[in-house]
Amino acid sequence: MQIRHLKAENFRGTATLEWAPGAAFCCLIGPGDAGKSTVLDAIEAVLSSRWFSFGEHDFHRGDTAKMIVIEVTVGELSKALQSDERFGLYVRGWTKAGVLRDEPEDDDEAVLTVRLSVDATLEPVWQVVCDRADEPRTISNRDRALFGLVRLAGDDARHLGWGQGSVLSRLTGDSDEAAVRLAAAYKAARDSANLGEIESLAKTAGAAEGFAKGLGAYVEAGYGPGLELGRGSLSSGSIALHDGGVPLRLAGLGTRRLATLAIQKSAITEGAIVLVDEIEHGLEPHRVMGAISQLRGDQARAAEEKRPIGQVLITTHSEVALGEAGAESLRVCRTTRPARVTTIIKPGAPDPIRALMRFAPRALFSRRILVSEGNTEVGVINGVREFWPPLHGGIPIEHLGGFIADGNGSQAPQIALGLHGLGYDIAVFRDSDTDLSAEDAAALGAQGIPVFEYGSGLDVEHAIISVASDAQMQRLIEHLRVERGAGKIDDNLRAALGMTAEELAQQFSMWELNSTLDAAELRRRIADECTSRKWLKDQRIARGAGPIAWQVAAESPGSPLAQTFAAARAWLYA
């Protein structure tokens, strides 16, 4: 099964929400309170086989006078759902252009729309709807289970035992033998239970171990059924998965989550709809990557074998998860204020986003992004930004959702435009040694994206060095000698300036006296050498020069350097 369309009204933090995922794997990102979890909650509320209890807090702004209405349209339907005995008379059509219609045509995909309604009585009603039918049809929790929904949020360990409603119980089938043995076991204590001798439990535990390993859960000694004293009946989950002799519910959070997800997913034979909130929770980066890779691999294998693919919708705050999911799966969630309209945006052109994800994926988790042209610009402005909080009540730009991203040189304008299309506040910070193309300048201007540059053909090296004092030049040269090697730097400077090694060993304030060049030409040649030799074309080295650049700007407030820094700072703190 796959969700084709979601529509929600007056549900929790959103007044209205409408989304067509358009892919079998979607990774939802966005700032806090953007509505990511609400999207998953809405889908779960409609399609889960569990009964949901609603309260006033589930209504938007707590206003029970306005009904909660959530509709989920599902495609890739199983034959069971399309049968006349179930919902065949309510099948609708989903066109290739992504339009829903009640009278399906031959080339339309068969879909069903399930509606959940909750009014002031707080009683939820689930119905299958189709406008060509006289009345909607109520759908039971047993029928909702046919939609194959799996939800992992936080730590849901109930599926790690043979309790009421757990997946292990469903996989095992008849549990009468286990119940009888359990009653005897409580009289004779734990060791007399011998639950591993019950073939159905042992086979289910073995299968669960395989599923869990497939998603990256750590298994120490092997899964088996074990008795948990203190739980008095099979329905309360007194038989649970054990790894060796230790209940699996006592394993690490990441392993519990992966095992729970794997077991739930294994119980669905035809294309599960998998919802995972904050997939990185409790997991090391390599296991995040492995879990996502496995989920995507399952879909790829299903496609090759002509089986239902299903759908995976995840939310994340992890750049590792985002990088593994890929730019094609990216969906950015936004909720406007005060109207609380939630939208989910797909990148219009994935190439610029792919470039950003290679160089600065964490930028996508911010709200306001200064796209800086390259390594030198990113490094210097990041070094400079450390001096800004005292000027703004101690607040760094990151607390306001600001971020300085690497625009990868000439790709910066296209990255900026791509991010702007996803709803981010964007500006560009760049050198002026090359002009923006007329096309890029026009496109940025049309979107109101400000561009901060030094002007007069200056790059950052010339902007700093041209107005630096002798003491600041000395600091910069010493910084470069430490980072790039004193011999290399001095050899290059000796050739560029026509000075001896002994003369270069003196303080910079003496260089002009030992040279035939005046102060301006001396600085120009050093800046030329710095640019051509790429001494600052490294974010770490450039960032180390940031404090020097900040001091230069502070002592030369009328310089292009100072004015450009000030404009960028004002925008980031706006």
# chains A, B, ... in the order shown; residues from 1 in each chain; ligands from 1
$ residues_around --residues "Val428 of chain A" --least-positions-apart "6" --cutoff "8 Å" --atoms "only C-alpha atoms" --output "ChimeraX atom specification"
/A:370-373,412-413,416,449-452
$ select_by_dssp --residues "segment 334-364 of chain A" --states "strand (DSSP E or B)" --output "ChimeraX atom specification"
/A:334-335,341-345
$ write_last_selection --atoms "all heavy atoms" --output "mmCIF file, in the first residue's frame"
data_model
loop_
_atom_site.group_PDB
_atom_site.id
_atom_site.type_symbol
_atom_site.label_atom_id
_atom_site.label_comp_id
_atom_site.auth_asym_id
_atom_site.auth_seq_id
_atom_site.Cartn_x
_atom_site.Cartn_y
_atom_site.Cartn_z
ATOM 1 N N ARG A 334 6.389 22.817 6.401
ATOM 2 C CA ARG A 334 6.251 24.198 6.878
ATOM 3 C C ARG A 334 4.835 24.415 7.421
ATOM 4 O O ARG A 334 3.871 23.911 6.847
ATOM 5 C CB ARG A 334 6.468 25.203 5.738
ATOM 6 C CG ARG A 334 7.813 25.095 5.033
ATOM 7 C CD ARG A 334 8.905 25.711 5.851
ATOM 8 N NE ARG A 334 10.191 25.674 5.164
ATOM 9 C CZ ARG A 334 11.347 25.884 5.779
ATOM 10 N NH1 ARG A 334 11.361 26.162 7.070
ATOM 11 N NH2 ARG A 334 12.478 25.820 5.098
ATOM 12 N N THR A 335 4.735 25.165 8.519
ATOM 13 C CA THR A 335 3.431 25.547 9.048
ATOM 14 C C THR A 335 3.430 27.051 9.260
ATOM 15 O O THR A 335 4.264 27.581 10.005
ATOM 16 C CB THR A 335 3.114 24.833 10.370
ATOM 17 O OG1 THR A 335 3.042 23.420 10.129
ATOM 18 C CG2 THR A 335 1.775 25.286 10.931
ATOM 19 N N VAL A 341 -1.382 26.807 8.608
ATOM 20 C CA VAL A 341 -1.574 26.011 7.398
ATOM 21 C C VAL A 341 -0.277 25.242 7.153
ATOM 22 O O VAL A 341 0.792 25.839 7.029
ATOM 23 C CB VAL A 341 -1.909 26.898 6.186
ATOM 24 C CG1 VAL A 341 -1.973 26.054 4.918
ATOM 25 C CG2 VAL A 341 -3.223 27.627 6.411
ATOM 26 N N THR A 342 -0.373 23.926 7.101
ATOM 27 C CA THR A 342 0.801 23.087 6.927
ATOM 28 C C THR A 342 0.947 22.689 5.470
ATOM 29 O O THR A 342 -0.002 22.205 4.850
ATOM 30 C CB THR A 342 0.704 21.825 7.801
ATOM 31 O OG1 THR A 342 0.602 22.213 9.176
ATOM 32 C CG2 THR A 342 1.941 20.944 7.628
ATOM 33 N N THR A 343 2.133 22.916 4.927
ATOM 34 C CA THR A 343 2.441 22.496 3.560
ATOM 35 C C THR A 343 3.710 21.651 3.581
ATOM 36 O O THR A 343 4.578 21.824 4.443
ATOM 37 C CB THR A 343 2.643 23.696 2.620
ATOM 38 O OG1 THR A 343 3.665 24.550 3.166
ATOM 39 C CG2 THR A 343 1.369 24.491 2.469
ATOM 40 N N ILE A 344 3.815 20.761 2.624
ATOM 41 C CA ILE A 344 4.994 19.910 2.499
ATOM 42 C C ILE A 344 5.512 20.074 1.078
ATOM 43 O O ILE A 344 4.804 19.786 0.113
ATOM 44 C CB ILE A 344 4.665 18.439 2.808
ATOM 45 C CG1 ILE A 344 4.106 18.332 4.241
ATOM 46 C CG2 ILE A 344 5.901 17.568 2.657
ATOM 47 C CD1 ILE A 344 3.610 16.966 4.609
ATOM 48 N N ILE A 345 6.751 20.548 0.956
ATOM 49 C CA ILE A 345 7.284 20.985 -0.323
ATOM 50 C C ILE A 345 8.332 20.000 -0.820
ATOM 51 O O ILE A 345 9.241 19.599 -0.078
ATOM 52 C CB ILE A 345 7.903 22.392 -0.203
ATOM 53 C CG1 ILE A 345 6.920 23.354 0.478
ATOM 54 C CG2 ILE A 345 8.295 22.933 -1.574
ATOM 55 C CD1 ILE A 345 7.553 24.661 0.897
#
$ residues_around --residues "Met289 of chain A" --least-positions-apart "5" --cutoff "10 Å" --atoms "only C-alpha atoms" --output "ChimeraX atom specification"
/A:216,279-280,283-284,294,320-325
$ residues_around --residues "segment 489-492 of chain A" --least-positions-apart "5" --cutoff "12 Å" --atoms "only C-alpha atoms" --output "list in words"
Leu476, Ile477, Glu478, His479, Leu480, Arg481, Val482, Glu483, Arg484, Leu497, Gly498, Met499, Thr500, Ala501, Glu502, Glu503, Leu504, Ala505, Gln506, Arg525, Ile526, Ala527, Asp528, Glu529, Cys530, Ser532, Arg533, Lys534 and Trp535 of chain A
$ write_last_selection --atoms "N, CA, C and O atoms" --output "mmCIF file, in the first residue's frame"
data_model
loop_
_atom_site.group_PDB
_atom_site.id
_atom_site.type_symbol
_atom_site.label_atom_id
_atom_site.label_comp_id
_atom_site.auth_asym_id
_atom_site.auth_seq_id
_atom_site.Cartn_x
_atom_site.Cartn_y
_atom_site.Cartn_z
ATOM 1 N N LEU A 476 48.226 37.493 10.406
ATOM 2 C CA LEU A 476 47.759 36.679 9.290
ATOM 3 C C LEU A 476 48.891 35.826 8.714
ATOM 4 O O LEU A 476 48.708 34.628 8.444
ATOM 5 N N ILE A 477 50.052 36.425 8.540
ATOM 6 C CA ILE A 477 51.187 35.682 7.982
ATOM 7 C C ILE A 477 51.619 34.561 8.927
ATOM 8 O O ILE A 477 51.913 33.440 8.496
ATOM 9 N N GLU A 478 51.629 34.834 10.223
ATOM 10 C CA GLU A 478 51.993 33.792 11.188
ATOM 11 C C GLU A 478 50.954 32.657 11.156
ATOM 12 O O GLU A 478 51.307 31.475 11.261
ATOM 13 N N HIS A 479 49.699 33.006 11.024
ATOM 14 C CA HIS A 479 48.645 31.987 10.928
ATOM 15 C C HIS A 479 48.863 31.096 9.706
ATOM 16 O O HIS A 479 48.779 29.859 9.796
ATOM 17 N N LEU A 480 49.189 31.713 8.582
ATOM 18 C CA LEU A 480 49.413 30.943 7.355
ATOM 19 C C LEU A 480 50.672 30.077 7.466
ATOM 20 O O LEU A 480 50.704 28.943 6.965
ATOM 21 N N ARG A 481 51.709 30.595 8.102
ATOM 22 C CA ARG A 481 52.932 29.810 8.287
ATOM 23 C C ARG A 481 52.670 28.557 9.128
ATOM 24 O O ARG A 481 53.171 27.474 8.823
ATOM 25 N N VAL A 482 51.865 28.726 10.173
ATOM 26 C CA VAL A 482 51.543 27.572 11.025
ATOM 27 C C VAL A 482 50.729 26.542 10.255
ATOM 28 O O VAL A 482 50.985 25.336 10.328
ATOM 29 N N GLU A 483 49.743 27.015 9.499
ATOM 30 C CA GLU A 483 48.818 26.096 8.830
ATOM 31 C C GLU A 483 49.379 25.502 7.540
ATOM 32 O O GLU A 483 49.102 24.345 7.209
ATOM 33 N N ARG A 484 50.135 26.290 6.797
ATOM 34 C CA ARG A 484 50.610 25.821 5.487
ATOM 35 C C ARG A 484 52.095 25.455 5.468
ATOM 36 O O ARG A 484 52.574 24.898 4.478
ATOM 37 N N LEU A 497 57.769 38.918 -3.746
ATOM 38 C CA LEU A 497 58.092 40.248 -3.242
ATOM 39 C C LEU A 497 59.543 40.653 -3.525
ATOM 40 O O LEU A 497 59.919 41.816 -3.292
ATOM 41 N N GLY A 498 60.367 39.712 -3.975
ATOM 42 C CA GLY A 498 61.771 40.028 -4.231
ATOM 43 C C GLY A 498 62.531 40.323 -2.961
ATOM 44 O O GLY A 498 63.419 41.188 -2.956
ATOM 45 N N MET A 499 62.217 39.625 -1.888
ATOM 46 C CA MET A 499 62.865 39.850 -0.599
ATOM 47 C C MET A 499 63.659 38.602 -0.199
ATOM 48 O O MET A 499 63.391 37.493 -0.662
ATOM 49 N N THR A 500 64.628 38.786 0.680
ATOM 50 C CA THR A 500 65.447 37.668 1.147
ATOM 51 C C THR A 500 64.767 36.994 2.334
ATOM 52 O O THR A 500 63.856 37.554 2.969
ATOM 53 N N ALA A 501 65.262 35.801 2.652
ATOM 54 C CA ALA A 501 64.722 35.073 3.789
ATOM 55 C C ALA A 501 64.943 35.842 5.086
ATOM 56 O O ALA A 501 64.079 35.854 5.977
ATOM 57 N N GLU A 502 66.080 36.508 5.172
ATOM 58 C CA GLU A 502 66.377 37.278 6.381
ATOM 59 C C GLU A 502 65.397 38.444 6.525
ATOM 60 O O GLU A 502 64.954 38.776 7.636
ATOM 61 N N GLU A 503 65.087 39.090 5.415
ATOM 62 C CA GLU A 503 64.150 40.227 5.460
ATOM 63 C C GLU A 503 62.746 39.760 5.828
ATOM 64 O O GLU A 503 62.041 40.419 6.604
ATOM 65 N N LEU A 504 62.348 38.585 5.292
ATOM 66 C CA LEU A 504 61.008 38.063 5.619
ATOM 67 C C LEU A 504 60.908 37.611 7.067
ATOM 68 O O LEU A 504 59.816 37.561 7.628
ATOM 69 N N ALA A 505 62.067 37.297 7.683
ATOM 70 C CA ALA A 505 62.051 36.851 9.076
ATOM 71 C C ALA A 505 61.773 37.994 10.043
ATOM 72 O O ALA A 505 61.436 37.768 11.205
ATOM 73 N N GLN A 506 61.892 39.247 9.571
ATOM 74 C CA GLN A 506 61.609 40.393 10.424
ATOM 75 C C GLN A 506 60.096 40.609 10.543
ATOM 76 O O GLN A 506 59.302 40.015 9.821
ATOM 77 N N ARG A 525 50.343 42.334 -3.682
ATOM 78 C CA ARG A 525 51.077 41.136 -4.120
ATOM 79 C C ARG A 525 50.895 39.975 -3.134
ATOM 80 O O ARG A 525 50.803 38.816 -3.545
ATOM 81 N N ILE A 526 50.860 40.298 -1.852
ATOM 82 C CA ILE A 526 50.618 39.236 -0.852
ATOM 83 C C ILE A 526 49.222 38.658 -1.038
ATOM 84 O O ILE A 526 49.019 37.432 -0.996
ATOM 85 N N ALA A 527 48.245 39.524 -1.274
ATOM 86 C CA ALA A 527 46.874 39.059 -1.491
ATOM 87 C C ALA A 527 46.780 38.224 -2.766
ATOM 88 O O ALA A 527 46.091 37.199 -2.808
ATOM 89 N N ASP A 528 47.486 38.678 -3.833
ATOM 90 C CA ASP A 528 47.513 37.890 -5.082
ATOM 91 C C ASP A 528 48.066 36.493 -4.823
ATOM 92 O O ASP A 528 47.538 35.500 -5.331
ATOM 93 N N GLU A 529 49.152 36.465 -4.062
ATOM 94 C CA GLU A 529 49.783 35.172 -3.765
ATOM 95 C C GLU A 529 48.853 34.300 -2.923
ATOM 96 O O GLU A 529 48.723 33.090 -3.151
ATOM 97 N N CYS A 530 48.191 34.906 -1.959
ATOM 98 C CA CYS A 530 47.256 34.181 -1.080
ATOM 99 C C CYS A 530 46.115 33.578 -1.902
ATOM 100 O O CYS A 530 45.707 32.430 -1.682
ATOM 101 N N SER A 532 46.083 33.055 -5.401
ATOM 102 C CA SER A 532 46.533 32.106 -6.425
ATOM 103 C C SER A 532 47.031 30.805 -5.818
ATOM 104 O O SER A 532 46.879 29.733 -6.416
ATOM 105 N N ARG A 533 47.649 30.877 -4.636
ATOM 106 C CA ARG A 533 48.168 29.669 -3.974
ATOM 107 C C ARG A 533 47.098 28.975 -3.125
ATOM 108 O O ARG A 533 47.354 27.933 -2.535
ATOM 109 N N LYS A 534 45.937 29.599 -3.029
ATOM 110 C CA LYS A 534 44.784 29.026 -2.296
ATOM 111 C C LYS A 534 45.113 28.750 -0.829
ATOM 112 O O LYS A 534 44.724 27.725 -0.261
ATOM 113 N N TRP A 535 45.831 29.692 -0.204
ATOM 114 C CA TRP A 535 46.210 29.494 1.175
ATOM 115 C C TRP A 535 45.013 29.454 2.119
ATOM 116 O O TRP A 535 45.058 28.804 3.167
#
$ closest_atom_pairs --of "segment 49-125 of chain A" --to "segment 24-43 of chain A" --cutoff "12 Å" --atoms "only C-alpha atoms" --output "Markdown table"
| residue | atom | partner | partner_atom | distance |
| --- | --- | --- | --- | --- |
| A:Ser49 | CA | A:Ile43 | CA | 11.6 |
| A:Phe52 | CA | A:Asp41 | CA | 10.9 |
| A:Asp58 | CA | A:Thr38 | CA | 10.3 |
| A:Phe59 | CA | A:Thr38 | CA | 11.9 |
| A:His60 | CA | A:Thr38 | CA | 11.4 |
| A:Ile68 | CA | A:Ala42 | CA | 10.2 |
| A:Val69 | CA | A:Ala42 | CA | 9.6 |
| A:Ile70 | CA | A:Ala42 | CA | 6.8 |
| A:Glu71 | CA | A:Ile43 | CA | 8.5 |
| A:Val72 | CA | A:Ile43 | CA | 6.8 |
| A:Thr73 | CA | A:Ile43 | CA | 10.0 |
| A:Val74 | CA | A:Ile43 | CA | 10.5 |
| A:Gly75 | CA | A:Ala24 | CA | 11.1 |
| A:Glu76 | CA | A:Ala24 | CA | 10.6 |
| A:Thr113 | CA | A:Ile43 | CA | 11.8 |
| A:Val114 | CA | A:Ile43 | CA | 10.1 |
| A:Arg115 | CA | A:Ile43 | CA | 10.4 |
| A:Leu116 | CA | A:Ala42 | CA | 9.3 |
| A:Ser117 | CA | A:Ala42 | CA | 11.4 |
$ select_by_dssp --residues "segment 352-415 of chain A" --states "helix (DSSP H, G or I)" --output "mmCIF file with N, CA, C and O atoms, in the first residue's frame"
data_model
loop_
_atom_site.group_PDB
_atom_site.id
_atom_site.type_symbol
_atom_site.label_atom_id
_atom_site.label_comp_id
_atom_site.auth_asym_id
_atom_site.auth_seq_id
_atom_site.Cartn_x
_atom_site.Cartn_y
_atom_site.Cartn_z
ATOM 1 N N PRO A 352 20.591 21.166 -7.329
ATOM 2 C CA PRO A 352 21.182 22.094 -6.353
ATOM 3 C C PRO A 352 21.106 21.568 -4.922
ATOM 4 O O PRO A 352 22.014 21.811 -4.128
ATOM 5 N N ILE A 353 20.036 20.845 -4.599
ATOM 6 C CA ILE A 353 19.905 20.307 -3.245
ATOM 7 C C ILE A 353 20.916 19.181 -3.033
ATOM 8 O O ILE A 353 21.487 19.039 -1.952
ATOM 9 N N ARG A 354 21.152 18.380 -4.070
ATOM 10 C CA ARG A 354 22.185 17.342 -3.961
ATOM 11 C C ARG A 354 23.544 17.973 -3.657
ATOM 12 O O ARG A 354 24.310 17.462 -2.837
ATOM 13 N N ALA A 355 23.837 19.078 -4.335
ATOM 14 C CA ALA A 355 25.116 19.756 -4.105
ATOM 15 C C ALA A 355 25.215 20.233 -2.658
ATOM 16 O O ALA A 355 26.245 20.046 -2.000
ATOM 17 N N LEU A 356 24.153 20.832 -2.144
ATOM 18 C CA LEU A 356 24.161 21.310 -0.766
ATOM 19 C C LEU A 356 24.315 20.134 0.203
ATOM 20 O O LEU A 356 25.029 20.232 1.204
ATOM 21 N N MET A 357 23.640 19.022 -0.079
ATOM 22 C CA MET A 357 23.721 17.869 0.815
ATOM 23 C C MET A 357 25.118 17.270 0.842
ATOM 24 O O MET A 357 25.503 16.644 1.832
ATOM 25 N N ARG A 358 25.891 17.468 -0.213
ATOM 26 C CA ARG A 358 27.279 17.010 -0.195
ATOM 27 C C ARG A 358 28.154 17.893 0.684
ATOM 28 O O ARG A 358 29.058 17.406 1.357
ATOM 29 N N PHE A 359 27.896 19.196 0.667
ATOM 30 C CA PHE A 359 28.806 20.131 1.328
ATOM 31 C C PHE A 359 28.297 20.622 2.683
ATOM 32 O O PHE A 359 29.104 20.899 3.569
ATOM 33 N N PRO A 361 24.822 19.492 4.533
ATOM 34 C CA PRO A 361 23.448 18.989 4.694
ATOM 35 C C PRO A 361 22.741 19.543 5.912
ATOM 36 O O PRO A 361 21.519 19.697 5.915
ATOM 37 N N ARG A 362 23.511 19.886 6.966
ATOM 38 C CA ARG A 362 22.859 20.376 8.182
ATOM 39 C C ARG A 362 22.158 21.724 7.965
ATOM 40 O O ARG A 362 21.293 22.104 8.748
ATOM 41 N N ALA A 363 22.515 22.418 6.884
ATOM 42 C CA ALA A 363 21.833 23.683 6.596
ATOM 43 C C ALA A 363 20.341 23.485 6.410
ATOM 44 O O ALA A 363 19.537 24.376 6.714
ATOM 45 N N LEU A 364 19.940 22.316 5.921
ATOM 46 C CA LEU A 364 18.526 22.070 5.632
ATOM 47 C C LEU A 364 17.673 22.000 6.892
ATOM 48 O O LEU A 364 16.445 22.013 6.807
ATOM 49 N N PHE A 365 18.297 21.925 8.061
ATOM 50 C CA PHE A 365 17.537 21.882 9.309
ATOM 51 C C PHE A 365 17.393 23.272 9.935
ATOM 52 O O PHE A 365 16.836 23.399 11.019
ATOM 53 N N ASN A 375 34.816 27.691 0.137
ATOM 54 C CA ASN A 375 35.462 27.367 1.406
ATOM 55 C C ASN A 375 36.010 28.588 2.129
ATOM 56 O O ASN A 375 35.886 28.708 3.353
ATOM 57 N N THR A 376 36.635 29.499 1.381
ATOM 58 C CA THR A 376 37.204 30.682 2.030
ATOM 59 C C THR A 376 36.116 31.523 2.671
ATOM 60 O O THR A 376 36.226 31.938 3.839
ATOM 61 N N GLU A 377 35.054 31.779 1.917
ATOM 62 C CA GLU A 377 33.973 32.623 2.422
ATOM 63 C C GLU A 377 33.269 31.971 3.620
ATOM 64 O O GLU A 377 32.982 32.628 4.622
ATOM 65 N N VAL A 378 33.003 30.664 3.512
ATOM 66 C CA VAL A 378 32.338 29.960 4.615
ATOM 67 C C VAL A 378 33.205 30.001 5.862
ATOM 68 O O VAL A 378 32.727 30.290 6.971
ATOM 69 N N GLY A 379 34.490 29.703 5.691
ATOM 70 C CA GLY A 379 35.376 29.680 6.839
ATOM 71 C C GLY A 379 35.515 31.039 7.501
ATOM 72 O O GLY A 379 35.391 31.160 8.724
ATOM 73 N N VAL A 380 35.773 32.087 6.712
ATOM 74 C CA VAL A 380 35.981 33.417 7.288
ATOM 75 C C VAL A 380 34.717 33.914 7.987
ATOM 76 O O VAL A 380 34.768 34.400 9.117
ATOM 77 N N ILE A 381 33.549 33.776 7.329
ATOM 78 C CA ILE A 381 32.327 34.313 7.926
ATOM 79 C C ILE A 381 31.928 33.515 9.167
ATOM 80 O O ILE A 381 31.374 34.059 10.126
ATOM 81 N N ASN A 382 32.262 32.208 9.204
ATOM 82 C CA ASN A 382 32.005 31.431 10.419
ATOM 83 C C ASN A 382 32.919 31.864 11.553
ATOM 84 O O ASN A 382 32.518 31.879 12.720
ATOM 85 N N GLY A 383 34.169 32.213 11.213
ATOM 86 C CA GLY A 383 35.060 32.735 12.239
ATOM 87 C C GLY A 383 34.616 34.091 12.747
ATOM 88 O O GLY A 383 34.698 34.389 13.950
ATOM 89 N N VAL A 384 34.106 34.921 11.843
ATOM 90 C CA VAL A 384 33.644 36.262 12.214
ATOM 91 C C VAL A 384 32.374 36.193 13.069
ATOM 92 O O VAL A 384 32.195 36.973 14.018
ATOM 93 N N ARG A 385 31.475 35.242 12.751
ATOM 94 C CA ARG A 385 30.180 35.193 13.434
ATOM 95 C C ARG A 385 30.322 34.932 14.933
ATOM 96 O O ARG A 385 29.420 35.213 15.721
ATOM 97 N N PRO A 389 27.455 37.460 18.858
ATOM 98 C CA PRO A 389 26.494 37.353 19.970
ATOM 99 C C PRO A 389 26.545 38.493 20.985
ATOM 100 O O PRO A 389 25.482 38.981 21.409
ATOM 101 N N PRO A 390 27.735 38.974 21.411
ATOM 102 C CA PRO A 390 27.728 40.082 22.380
ATOM 103 C C PRO A 390 27.031 41.339 21.858
ATOM 104 O O PRO A 390 26.580 42.178 22.657
ATOM 105 N N LEU A 391 26.936 41.468 20.535
ATOM 106 C CA LEU A 391 26.263 42.627 19.951
ATOM 107 C C LEU A 391 24.751 42.429 19.855
ATOM 108 O O LEU A 391 24.023 43.340 19.482
ATOM 109 N N HIS A 392 24.289 41.200 20.211
ATOM 110 C CA HIS A 392 22.868 40.866 20.076
ATOM 111 C C HIS A 392 22.354 40.133 21.315
ATOM 112 O O HIS A 392 21.692 39.104 21.215
ATOM 113 N N ILE A 397 23.579 33.258 16.004
ATOM 114 C CA ILE A 397 22.631 33.167 14.889
ATOM 115 C C ILE A 397 21.910 31.823 14.879
ATOM 116 O O ILE A 397 20.759 31.724 14.435
ATOM 117 N N GLU A 398 22.563 30.779 15.393
ATOM 118 C CA GLU A 398 21.953 29.452 15.375
ATOM 119 C C GLU A 398 20.694 29.401 16.228
ATOM 120 O O GLU A 398 19.760 28.645 15.923
ATOM 121 N N HIS A 399 20.639 30.202 17.303
ATOM 122 C CA HIS A 399 19.440 30.217 18.138
ATOM 123 C C HIS A 399 18.259 30.865 17.432
ATOM 124 O O HIS A 399 17.117 30.698 17.849
ATOM 125 N N LEU A 400 18.532 31.582 16.375
ATOM 126 C CA LEU A 400 17.474 32.195 15.570
ATOM 127 C C LEU A 400 17.213 31.395 14.298
ATOM 128 O O LEU A 400 16.480 31.849 13.421
ATOM 129 N N GLY A 409 31.118 27.311 -4.717
ATOM 130 C CA GLY A 409 31.571 28.183 -5.797
ATOM 131 C C GLY A 409 30.460 28.649 -6.712
ATOM 132 O O GLY A 409 29.491 29.268 -6.294
ATOM 133 N N SER A 410 30.578 28.313 -7.989
ATOM 134 C CA SER A 410 29.633 28.816 -8.990
ATOM 135 C C SER A 410 28.226 28.261 -8.825
ATOM 136 O O SER A 410 27.287 28.778 -9.427
ATOM 137 N N GLN A 411 28.065 27.211 -8.004
ATOM 138 C CA GLN A 411 26.736 26.652 -7.786
ATOM 139 C C GLN A 411 25.925 27.444 -6.766
ATOM 140 O O GLN A 411 24.735 27.163 -6.571
ATOM 141 N N ALA A 412 26.551 28.403 -6.101
ATOM 142 C CA ALA A 412 25.877 29.130 -5.023
ATOM 143 C C ALA A 412 24.538 29.742 -5.452
ATOM 144 O O ALA A 412 23.541 29.604 -4.735
ATOM 145 N N PRO A 413 24.454 30.437 -6.603
ATOM 146 C CA PRO A 413 23.147 31.010 -6.984
ATOM 147 C C PRO A 413 22.061 29.958 -7.166
ATOM 148 O O PRO A 413 20.921 30.160 -6.728
ATOM 149 N N GLN A 414 22.391 28.824 -7.790
ATOM 150 C CA GLN A 414 21.385 27.791 -8.015
ATOM 151 C C GLN A 414 20.990 27.106 -6.709
ATOM 152 O O GLN A 414 19.811 26.758 -6.511
ATOM 153 N N ILE A 415 21.949 26.913 -5.825
ATOM 154 C CA ILE A 415 21.619 26.367 -4.510
ATOM 155 C C ILE A 415 20.695 27.318 -3.768
ATOM 156 O O ILE A 415 19.708 26.909 -3.146
#
$ closest_atom_pairs --of "segment 412-519 of chain A" --to "segment 545-564 of chain A" --cutoff "12 Å" --atoms "only C-alpha atoms" --output "CSV"
residue,atom,partner,partner_atom,distance
A:Val428,CA,A:Thr564,CA,11.3
A:Phe429,CA,A:Thr564,CA,8.6
A:Arg430,CA,A:Thr564,CA,9.7
A:Asp431,CA,A:Thr564,CA,10.2
A:Ser432,CA,A:Pro560,CA,10.7
A:Pro450,CA,A:Thr564,CA,11.8
A:Val451,CA,A:Thr564,CA,9.8
A:Phe452,CA,A:Thr564,CA,6.0
A:Glu453,CA,A:Thr564,CA,6.2
A:Tyr454,CA,A:Pro560,CA,5.1
A:Gly455,CA,A:Pro560,CA,7.2
A:Ser456,CA,A:Pro560,CA,8.7
A:Gly457,CA,A:Pro560,CA,10.8
A:Leu458,CA,A:Pro560,CA,8.7
A:Asp459,CA,A:Leu561,CA,9.7
A:Val460,CA,A:Leu561,CA,7.8
A:Glu461,CA,A:Ala549,CA,9.5
A:His462,CA,A:Leu561,CA,9.3
A:Ala463,CA,A:Leu561,CA,5.5
A:Ile464,CA,A:Ala549,CA,6.0
A:Ile465,CA,A:Val552,CA,8.6
A:Ser466,CA,A:Ser559,CA,9.4
A:Val467,CA,A:Val552,CA,7.0
A:Ala468,CA,A:Val552,CA,5.5
A:Ser469,CA,A:Val552,CA,7.4
A:Asp470,CA,A:Val552,CA,10.6
A:Ala471,CA,A:Ile548,CA,10.0
A:Gln472,CA,A:Ile548,CA,6.5
A:Met473,CA,A:Ile548,CA,8.7
A:Gln474,CA,A:Ile548,CA,10.1
A:Arg475,CA,A:Ile548,CA,7.3
A:Leu476,CA,A:Ala545,CA,6.8
A:Ile477,CA,A:Ala545,CA,9.9
A:Glu478,CA,A:Ala545,CA,10.4
A:His479,CA,A:Ala545,CA,7.3
A:Leu480,CA,A:Ala545,CA,8.7
A:Val482,CA,A:Ala545,CA,11.7
A:Glu483,CA,A:Ala545,CA,10.6
$ residues_around --residues "Gly214 of chain A" --least-positions-apart "4" --cutoff "10 Å" --atoms "only C-alpha atoms" --output "list of chain:residue names"
A:Ala208, A:Glu209, A:Gly210, A:Tyr218, A:Leu258, A:Ala259, A:Ala262, A:Gly290, A:Ala291, A:Gln294, A:Leu295
$ residues_around --residues "segment 139-151 of chain A" --least-positions-apart "3" --cutoff "7 Å" --atoms "only C-alpha atoms" --output "number ranges by chain"
A: 1, 47-50, 126-128, 264-265, 268, 272-276
